[in-house]
>>> print(open('query24.txt').read())   # compact mmCIF, C-alpha atoms and all ligand atoms
# COMPACT_ATOMS: atom_id res chain seq x y z
CA MET Z 218 1.99 -8.15 15.37
CA VAL Z 219 0.83 -11.31 13.53
CA SER Z 220 1.33 -14.46 15.61
CA ALA Z 221 4.33 -16.39 14.30
CA VAL Z 222 2.58 -19.66 15.19
CA THR Z 223 -0.51 -19.17 13.04
CA GLU Z 224 0.57 -16.88 10.21
CA PRO Z 225 0.57 -18.24 6.66
CA SER Z 226 4.00 -19.01 5.24
CA VAL Z 227 3.67 -16.28 2.59
CA LEU Z 228 3.59 -13.62 5.35
CA HIS Z 229 6.57 -15.22 7.05
CA ASP Z 230 8.51 -15.34 3.77
CA THR Z 231 7.61 -11.76 2.83
CA ARG Z 232 8.61 -10.44 6.25
CA SER Z 233 11.93 -12.31 6.22
CA ALA Z 234 12.71 -11.08 2.71
CA TYR Z 235 12.05 -7.43 3.60
CA ASP Z 236 13.80 -7.68 6.97
CA ALA Z 237 16.91 -8.86 5.08
CA VAL Z 238 16.96 -5.95 2.59
CA ALA Z 239 15.45 -3.17 4.70
CA SER Z 240 18.56 -0.97 5.01
CA ARG Z 241 19.47 -1.28 1.35
CA TYR Z 242 15.85 -0.64 0.32
CA ALA Z 243 15.73 2.49 2.48
CA GLU Z 244 18.97 3.79 0.91
CA LEU Z 245 17.74 3.16 -2.63
CA PHE Z 246 14.21 4.51 -2.26
CA SER Z 247 14.38 7.28 0.33
CA ASN Z 248 14.11 9.99 -2.37
CA VAL Z 249 12.24 8.01 -4.99
CA LEU Z 250 9.21 10.31 -5.12
CA GLU Z 251 11.41 13.14 -6.41
CA THR Z 252 11.59 11.32 -9.76
CA LEU Z 253 7.91 10.30 -9.86
CA PRO Z 254 5.71 13.30 -10.79
CA MET Z 255 2.68 11.16 -11.75
CA GLU Z 256 2.75 9.37 -8.41
CA ARG Z 257 3.11 12.69 -6.57
CA ALA Z 258 0.09 14.02 -8.46
CA MET Z 259 -2.07 11.06 -7.43
CA LEU Z 260 -0.85 11.30 -3.83
CA ALA Z 261 -1.73 15.02 -3.82
CA ALA Z 262 -5.23 14.31 -5.16
CA PHE Z 263 -5.69 11.53 -2.60
CA ALA Z 264 -4.53 13.83 0.23
CA GLU Z 265 -6.93 16.55 -0.88
CA LEU Z 266 -9.90 14.17 -1.01
CA VAL Z 267 -9.08 12.70 2.41
CA ARG Z 268 -8.72 16.17 3.94
CA ALA Z 269 -11.99 17.38 2.41
CA HIS Z 270 -13.86 14.37 3.76
CA ASN Z 271 -12.23 14.73 7.19
CA ALA Z 272 -13.23 11.27 8.44
CA GLY Z 273 -9.99 10.19 10.14
CA PRO Z 274 -6.26 9.61 9.61
CA VAL Z 275 -4.58 7.76 6.75
CA ALA Z 276 -2.84 4.43 7.27
CA ASP Z 277 0.05 3.80 4.87
CA ILE Z 278 -0.14 0.01 4.85
CA GLY Z 279 3.05 -1.70 3.75
CA CYS Z 280 4.85 1.58 4.42
CA GLY Z 281 8.41 0.21 4.18
CA PRO Z 282 10.93 2.77 5.48
CA GLY Z 283 8.25 5.46 5.70
CA GLN Z 284 9.31 7.92 3.00
CA VAL Z 285 5.87 7.97 1.34
CA THR Z 286 4.16 8.10 4.76
CA ALA Z 287 6.12 11.27 5.55
CA HIS Z 288 5.40 12.77 2.12
CA LEU Z 289 1.67 12.21 2.56
CA HIS Z 290 1.68 13.52 6.12
CA ALA Z 291 3.38 16.71 4.90
CA LEU Z 292 0.53 17.16 2.38
CA GLY Z 293 -1.95 17.53 5.23
CA PRO Z 294 -3.71 14.34 6.33
CA ALA Z 295 -2.48 12.89 9.63
CA THR Z 296 -0.73 9.71 8.45
CA PHE Z 297 0.79 6.72 10.19
CA GLY Z 298 2.51 3.61 8.85
CA ILE Z 299 2.00 -0.14 9.22
CA ASP Z 300 4.37 -2.79 7.90
CA LEU Z 301 4.90 -6.52 8.19
CA SER Z 302 8.66 -6.15 8.50
CA SER Z 303 10.01 -5.20 11.94
CA GLU Z 304 13.23 -3.96 10.30
CA MET Z 305 11.26 -1.64 8.02
CA VAL Z 306 9.27 -0.33 10.99
CA ALA Z 307 12.49 0.29 12.97
CA LEU Z 308 14.02 2.22 10.03
CA ALA Z 309 10.83 4.23 9.52
CA ARG Z 310 10.72 5.19 13.22
CA ARG Z 311 14.36 6.23 13.12
CA ALA Z 312 13.97 8.32 9.94
CA HIS Z 313 10.67 9.92 10.99
CA PRO Z 314 10.58 10.09 14.81
CA ASP Z 315 7.59 12.44 14.76
CA LEU Z 316 5.36 9.88 13.01
CA ARG Z 317 3.81 6.63 14.26
CA PHE Z 318 4.79 3.28 12.73
CA GLU Z 319 3.49 -0.12 13.83
CA GLU Z 320 4.09 -3.72 12.86
CA GLY Z 321 1.06 -5.43 11.37
CA SER Z 322 -0.40 -7.20 8.37
CA MET Z 323 -2.96 -5.93 5.90
CA THR Z 324 -4.64 -9.33 6.12
CA ALA Z 325 -5.75 -8.72 9.75
CA LEU Z 326 -5.44 -5.09 10.83
CA ASP Z 327 -5.36 -4.19 14.51
CA LEU Z 328 -7.79 -1.31 13.90
CA ALA Z 329 -11.44 -0.78 14.83
CA ASP Z 330 -14.15 -0.57 12.18
CA GLY Z 331 -14.48 2.71 10.29
CA VAL Z 332 -11.61 4.59 11.95
CA LEU Z 333 -9.61 5.60 8.87
CA GLY Z 334 -10.23 8.47 6.47
CA GLY Z 335 -7.88 6.89 3.94
CA ILE Z 336 -5.62 3.94 3.16
CA LEU Z 337 -2.51 4.07 1.02
CA ALA Z 338 -1.11 0.73 -0.16
CA PHE Z 339 1.84 1.75 -2.30
CA TYR Z 340 3.37 -1.30 -3.98
CA SER Z 341 2.49 -3.43 -0.94
CA ILE Z 342 -0.45 -5.51 -2.21
CA ILE Z 343 1.93 -6.75 -4.94
CA HIS Z 344 3.10 -9.52 -2.62
CA THR Z 345 -0.36 -10.75 -1.67
CA PRO Z 346 -1.29 -13.97 -3.49
CA PRO Z 347 -4.28 -13.13 -5.73
CA ARG Z 348 -6.60 -15.58 -3.95
CA GLN Z 349 -5.96 -13.70 -0.67
CA LEU Z 350 -6.54 -10.22 -2.06
CA PRO Z 351 -10.34 -10.33 -1.48
CA VAL Z 352 -9.56 -10.82 2.24
CA VAL Z 353 -7.31 -7.74 2.17
CA PHE Z 354 -9.92 -5.62 0.36
CA THR Z 355 -12.59 -6.70 2.86
CA GLU Z 356 -10.23 -5.69 5.68
CA PHE Z 357 -9.53 -2.31 4.02
CA ARG Z 358 -13.26 -1.70 3.64
CA ARG Z 359 -13.89 -2.63 7.29
CA VAL Z 360 -11.41 -0.12 8.73
CA LEU Z 361 -12.30 2.76 6.36
CA ALA Z 362 -14.96 5.26 7.36
CA PRO Z 363 -17.90 5.58 4.94
CA GLY Z 364 -16.68 7.80 2.08
CA GLY Z 365 -13.03 6.97 2.87
CA HIS Z 366 -10.53 6.61 0.01
CA LEU Z 367 -8.09 3.83 -0.86
CA LEU Z 368 -5.09 4.46 -3.15
CA LEU Z 369 -3.26 1.44 -4.57
CA GLY Z 370 0.11 1.54 -6.38
CA PHE Z 371 1.13 -1.55 -8.37
CA PHE Z 372 2.92 -3.03 -11.39
CA ALA Z 373 0.51 -3.39 -14.28
CA GLY Z 374 0.00 -5.92 -17.05
CA ASP Z 375 -2.43 -6.54 -19.90
CA ASP Z 376 -3.33 -10.08 -18.98
CA PRO Z 377 -6.77 -10.24 -17.34
CA LEU Z 378 -5.37 -12.76 -14.84
CA PRO Z 379 -2.76 -11.60 -12.31
CA ARG Z 380 0.77 -12.62 -13.35
CA GLU Z 381 3.49 -13.77 -10.97
CA PHE Z 382 6.90 -12.19 -11.53
CA ASP Z 383 10.32 -12.42 -9.97
CA HIS Z 384 10.43 -9.21 -7.97
CA LYS Z 385 13.92 -8.47 -6.66
CA VAL Z 386 12.92 -8.93 -3.01
CA THR Z 387 10.32 -11.71 -3.05
CA LEU Z 388 7.55 -13.19 -5.18
CA ALA Z 389 5.12 -10.58 -6.49
CA TYR Z 390 2.14 -10.23 -8.81
CA ARG Z 391 1.20 -7.79 -11.58
CA TRP Z 392 -2.43 -6.89 -12.15
CA SER Z 393 -4.28 -5.36 -15.06
CA PRO Z 394 -5.93 -2.16 -13.79
CA ASP Z 395 -9.30 -3.46 -15.05
CA SER Z 396 -8.97 -6.71 -13.08
CA LEU Z 397 -7.91 -4.96 -9.89
CA ALA Z 398 -10.70 -2.39 -10.27
CA GLU Z 399 -13.20 -5.22 -10.70
CA LEU Z 400 -11.90 -7.01 -7.59
CA SER Z 401 -12.22 -3.80 -5.58
CA ARG Z 402 -15.75 -3.33 -6.95
CA GLN Z 403 -16.65 -6.84 -5.78
CA ALA Z 404 -15.40 -5.85 -2.32
CA GLY Z 405 -17.78 -2.88 -2.30
CA PHE Z 406 -15.55 -0.03 -3.52
CA VAL Z 407 -16.40 2.54 -6.18
CA GLU Z 408 -13.70 3.61 -8.65
CA VAL Z 409 -12.70 7.29 -8.56
CA ALA Z 410 -9.66 7.46 -10.88
CA ARG Z 411 -6.76 5.47 -12.29
CA LEU Z 412 -3.34 6.30 -13.71
CA LEU Z 413 -1.17 4.16 -15.97
CA ARG Z 414 2.34 5.20 -16.93
CA GLU Z 415 5.19 3.73 -18.94
CA PRO Z 416 8.31 2.53 -17.07
CA HIS Z 417 11.34 4.78 -16.78
CA GLU Z 418 14.61 3.51 -18.27
CA ASP Z 419 15.97 2.46 -14.88
CA GLU Z 420 12.78 0.63 -13.87
CA ARG Z 421 11.56 -2.89 -14.61
CA GLN Z 422 9.92 -3.02 -18.01
CA PHE Z 423 6.42 -3.08 -16.60
CA GLN Z 424 3.86 -0.31 -16.76
CA GLN Z 425 3.04 1.13 -13.37
CA ALA Z 426 -0.42 1.99 -12.17
CA GLN Z 427 -2.35 3.65 -9.42
CA LEU Z 428 -5.99 3.00 -8.68
CA LEU Z 429 -8.05 5.31 -6.47
CA VAL Z 430 -11.31 3.91 -5.09
CA ARG Z 431 -13.78 4.98 -2.42
CA LYS Z 432 -15.96 3.22 0.13
CA PRO Z 433 -19.54 4.36 -0.53
CA GLN Z 434 -20.92 6.91 1.92
CA GLU Z 435 -24.04 4.91 2.65
CA SER Z 436 -22.33 1.58 3.46
C1 LIG S 501 7.78 -2.81 -2.36
S1 LIG S 501 7.77 -2.43 -0.65
C2 LIG S 501 6.93 -0.85 -0.68
C3 LIG S 501 7.27 0.00 0.51
C4 LIG S 501 6.72 1.43 0.46
N1 LIG S 501 5.28 1.44 0.36
C5 LIG S 501 7.34 2.17 -0.70
O1 LIG S 501 6.59 2.57 -1.61
O2 LIG S 501 8.55 2.33 -0.72
C6 LIG S 501 6.49 -3.50 -0.01
C7 LIG S 501 6.29 -3.35 1.49
O3 LIG S 501 5.05 -4.00 1.83
C8 LIG S 501 5.25 -4.70 3.03
N2 LIG S 501 4.23 -5.78 3.08
C9 LIG S 501 4.14 -6.86 2.25
N3 LIG S 501 3.09 -7.62 2.61
C10 LIG S 501 2.50 -6.99 3.67
C11 LIG S 501 1.38 -7.29 4.49
N4 LIG S 501 0.66 -8.41 4.33
N5 LIG S 501 1.04 -6.41 5.47
C12 LIG S 501 1.78 -5.29 5.69
N6 LIG S 501 2.88 -4.98 4.96
C13 LIG S 501 3.23 -5.81 3.96
C14 LIG S 501 6.67 -5.20 2.97
O4 LIG S 501 7.19 -5.54 4.24
C15 LIG S 501 7.37 -4.00 2.33
O5 LIG S 501 7.86 -3.10 3.30
>>> encode(input="query24.txt", output="structure tokens")
Amino acid sequence: MVSAVTEPSVLHDTRSAYDAVASRYAELFSNVLETLPMERAMLAAFAELVRAHNAGPVADIGCGPGQVTAHLHALGPATFGIDLSSEMVALARRAHPDLRFEEGSMTALDLADGVLGGILAFYSIIHTPPRQLPVVFTEFRRVLAPGGHLLLGFFAGDDPLPREFDHKVTLAYRWSPDSLAELSRQAGFVEVARLLREPHEDERQFQQAQLLVRKPQES
């Protein structure tokens, strides 16, 4: 767990916001993947690549109530969840007692170097202030094994600079896929694939994107 004394206020605010809505969020999104075939396709490709490389488990970082963690685990790769919000972690443990969920922050992971075969960050980097995202990418690269994959889900925009928007839970940022891919490249990742889709009628009017990148084998 991140020390409450030293953590930046944005982590404190994000945790408090998700603690407050955790039950409602879990109710609303527990079956969300059923309506998201594009996301399921990217998750299946990610799972297949991680399994083929066989370099360690997947951490679903910013796992929320754990529904995507469980979906990924069922696809094959051993998967566990990490989230900033203790309420989210408690709900995830209750809903998926066979899986492991821990409190933690993507800005300082309690994991040794190179232990993960994959990282999923599904709509969780959206709350990281853009100036702090290089720290998160460096941390992701540190804990991934060489050749490990990172799959990011996020709200997209055309503007080359990240744009703040009023997410229903707490402040969030949209990224153009090109800008996020470039930031990941600067952190030492190699792009594998990306997906951009239009919003559904019941979603916010933002395009949604997934970016799949890989830590080079020789790093
Ligand atoms: C929009 S929810 C997504 C939850 C889940 N991935 C899903 O797709 O339903 C964002 C989640 O990221 C978590 N989160 C935000 N910042 C985080 C951080 N720095 N470290 C770990 N988790 C974080 C929040 O607590 C929240 O559960």
>>> atom_distance(input="query24.txt", atom1="CA of Arg358 (chain Z)", atom2="CA of Asp315 (chain Z)")
27.5 Å
>>> residues_near_ligand(input="query24.txt", ligand="ligand LIG 501 (chain S)", cutoff="7 Å", atoms="all atoms listed in the file", output="PDB file with C-alpha atoms, in the frame of the given file")
ATOM      1  CA  LEU Z 228       3.590 -13.620   5.350  1.00  0.00           C
ATOM      2  CA  THR Z 231       7.610 -11.760   2.830  1.00  0.00           C
ATOM      3  CA  ARG Z 232       8.610 -10.440   6.250  1.00  0.00           C
ATOM      4  CA  TYR Z 235      12.050  -7.430   3.600  1.00  0.00           C
ATOM      5  CA  PHE Z 246      14.210   4.510  -2.260  1.00  0.00           C
ATOM      6  CA  ILE Z 278      -0.140   0.010   4.850  1.00  0.00           C
ATOM      7  CA  GLY Z 279       3.050  -1.700   3.750  1.00  0.00           C
ATOM      8  CA  CYS Z 280       4.850   1.580   4.420  1.00  0.00           C
ATOM      9  CA  GLY Z 281       8.410   0.210   4.180  1.00  0.00           C
ATOM     10  CA  PRO Z 282      10.930   2.770   5.480  1.00  0.00           C
ATOM     11  CA  GLY Z 283       8.250   5.460   5.700  1.00  0.00           C
ATOM     12  CA  GLN Z 284       9.310   7.920   3.000  1.00  0.00           C
ATOM     13  CA  VAL Z 285       5.870   7.970   1.340  1.00  0.00           C
ATOM     14  CA  ILE Z 299       2.000  -0.140   9.220  1.00  0.00           C
ATOM     15  CA  ASP Z 300       4.370  -2.790   7.900  1.00  0.00           C
ATOM     16  CA  LEU Z 301       4.900  -6.520   8.190  1.00  0.00           C
ATOM     17  CA  SER Z 302       8.660  -6.150   8.500  1.00  0.00           C
ATOM     18  CA  MET Z 305      11.260  -1.640   8.020  1.00  0.00           C
ATOM     19  CA  GLY Z 321       1.060  -5.430  11.370  1.00  0.00           C
ATOM     20  CA  SER Z 322      -0.400  -7.200   8.370  1.00  0.00           C
ATOM     21  CA  MET Z 323      -2.960  -5.930   5.900  1.00  0.00           C
ATOM     22  CA  THR Z 324      -4.640  -9.330   6.120  1.00  0.00           C
ATOM     23  CA  ALA Z 338      -1.110   0.730  -0.160  1.00  0.00           C
ATOM     24  CA  PHE Z 339       1.840   1.750  -2.300  1.00  0.00           C
ATOM     25  CA  TYR Z 340       3.370  -1.300  -3.980  1.00  0.00           C
ATOM     26  CA  SER Z 341       2.490  -3.430  -0.940  1.00  0.00           C
ATOM     27  CA  ILE Z 342      -0.450  -5.510  -2.210  1.00  0.00           C
ATOM     28  CA  HIS Z 344       3.100  -9.520  -2.620  1.00  0.00           C
ATOM     29  CA  THR Z 345      -0.360 -10.750  -1.670  1.00  0.00           C
TER      30      THR Z 345
END
>>> closest_residue(input="query24.txt", among="Z:Val267, Z:Val227, Z:Met259, Z:Ala276", to="Ala410 (chain Z)", atoms="only C-alpha atoms")
Z:Met259
>>> atom_distance(input="query24.txt", atom1="CA of Leu350 (chain Z)", atom2="CA of Leu378 (chain Z)")
13.1 Å
>>> residues_near_point(input="query24.txt", point="(5.5, -13.3, -7.8)", cutoff="12 Å", atoms="all atoms listed in the file", output="NGL selection string")
:Z and (227 or 231 or 342-347 or 372 or 379-392)
>>> closest_residue(input="query24.txt", among="Z:Ala239, Z:Ile336, Z:Leu326, Z:Ala404", to="Ala307 (chain Z)", atoms="all atoms listed in the file")
Z:Ala239
>>> atom_distance(input="query24.txt", atom1="CA of Pro294 (chain Z)", atom2="CA of Gly364 (chain Z)")
15.1 Å
>>> closest_residue(input="query24.txt", among="Z:Gln434, Z:Gln424, Z:Ser247, Z:Ser233", to="Ala287 (chain Z)", atoms="all atoms listed in the file")
Z:Ser247
>>> residues_around(input="query24.txt", residues="Arg359 (chain Z)", least_positions_apart="4", cutoff="10 Å", atoms="all atoms listed in the file", output="PyMOL selection string")
chain Z and resi 326+328-333+353-355+363+432
>>> write_last_selection(input="query24.txt", atoms="C-alpha atoms", output="PDB file, in the frame of the given file")
ATOM      1  CA  LEU Z 326      -5.440  -5.090  10.830  1.00  0.00           C
ATOM      2  CA  LEU Z 328      -7.790  -1.310  13.900  1.00  0.00           C
ATOM      3  CA  ALA Z 329     -11.440  -0.780  14.830  1.00  0.00           C
ATOM      4  CA  ASP Z 330     -14.150  -0.570  12.180  1.00  0.00           C
ATOM      5  CA  GLY Z 331     -14.480   2.710  10.290  1.00  0.00           C
ATOM      6  CA  VAL Z 332     -11.610   4.590  11.950  1.00  0.00           C
ATOM      7  CA  LEU Z 333      -9.610   5.600   8.870  1.00  0.00           C
ATOM      8  CA  VAL Z 353      -7.310  -7.740   2.170  1.00  0.00           C
ATOM      9  CA  PHE Z 354      -9.920  -5.620   0.360  1.00  0.00           C
ATOM     10  CA  THR Z 355     -12.590  -6.700   2.860  1.00  0.00           C
ATOM     11  CA  PRO Z 363     -17.900   5.580   4.940  1.00  0.00           C
ATOM     12  CA  LYS Z 432     -15.960   3.220   0.130  1.00  0.00           C
TER      13      LYS Z 432
END
>>> axis_aligned_box(input="query24.txt", around="region 428-432 of chain Z", padding_each_side="3 Å", output="lines of an AutoDock Vina configuration file")
center_x = -11.0
center_y = 4.2
center_z = -4.3
size_x = 16.0
size_y = 8.3
size_z = 14.8
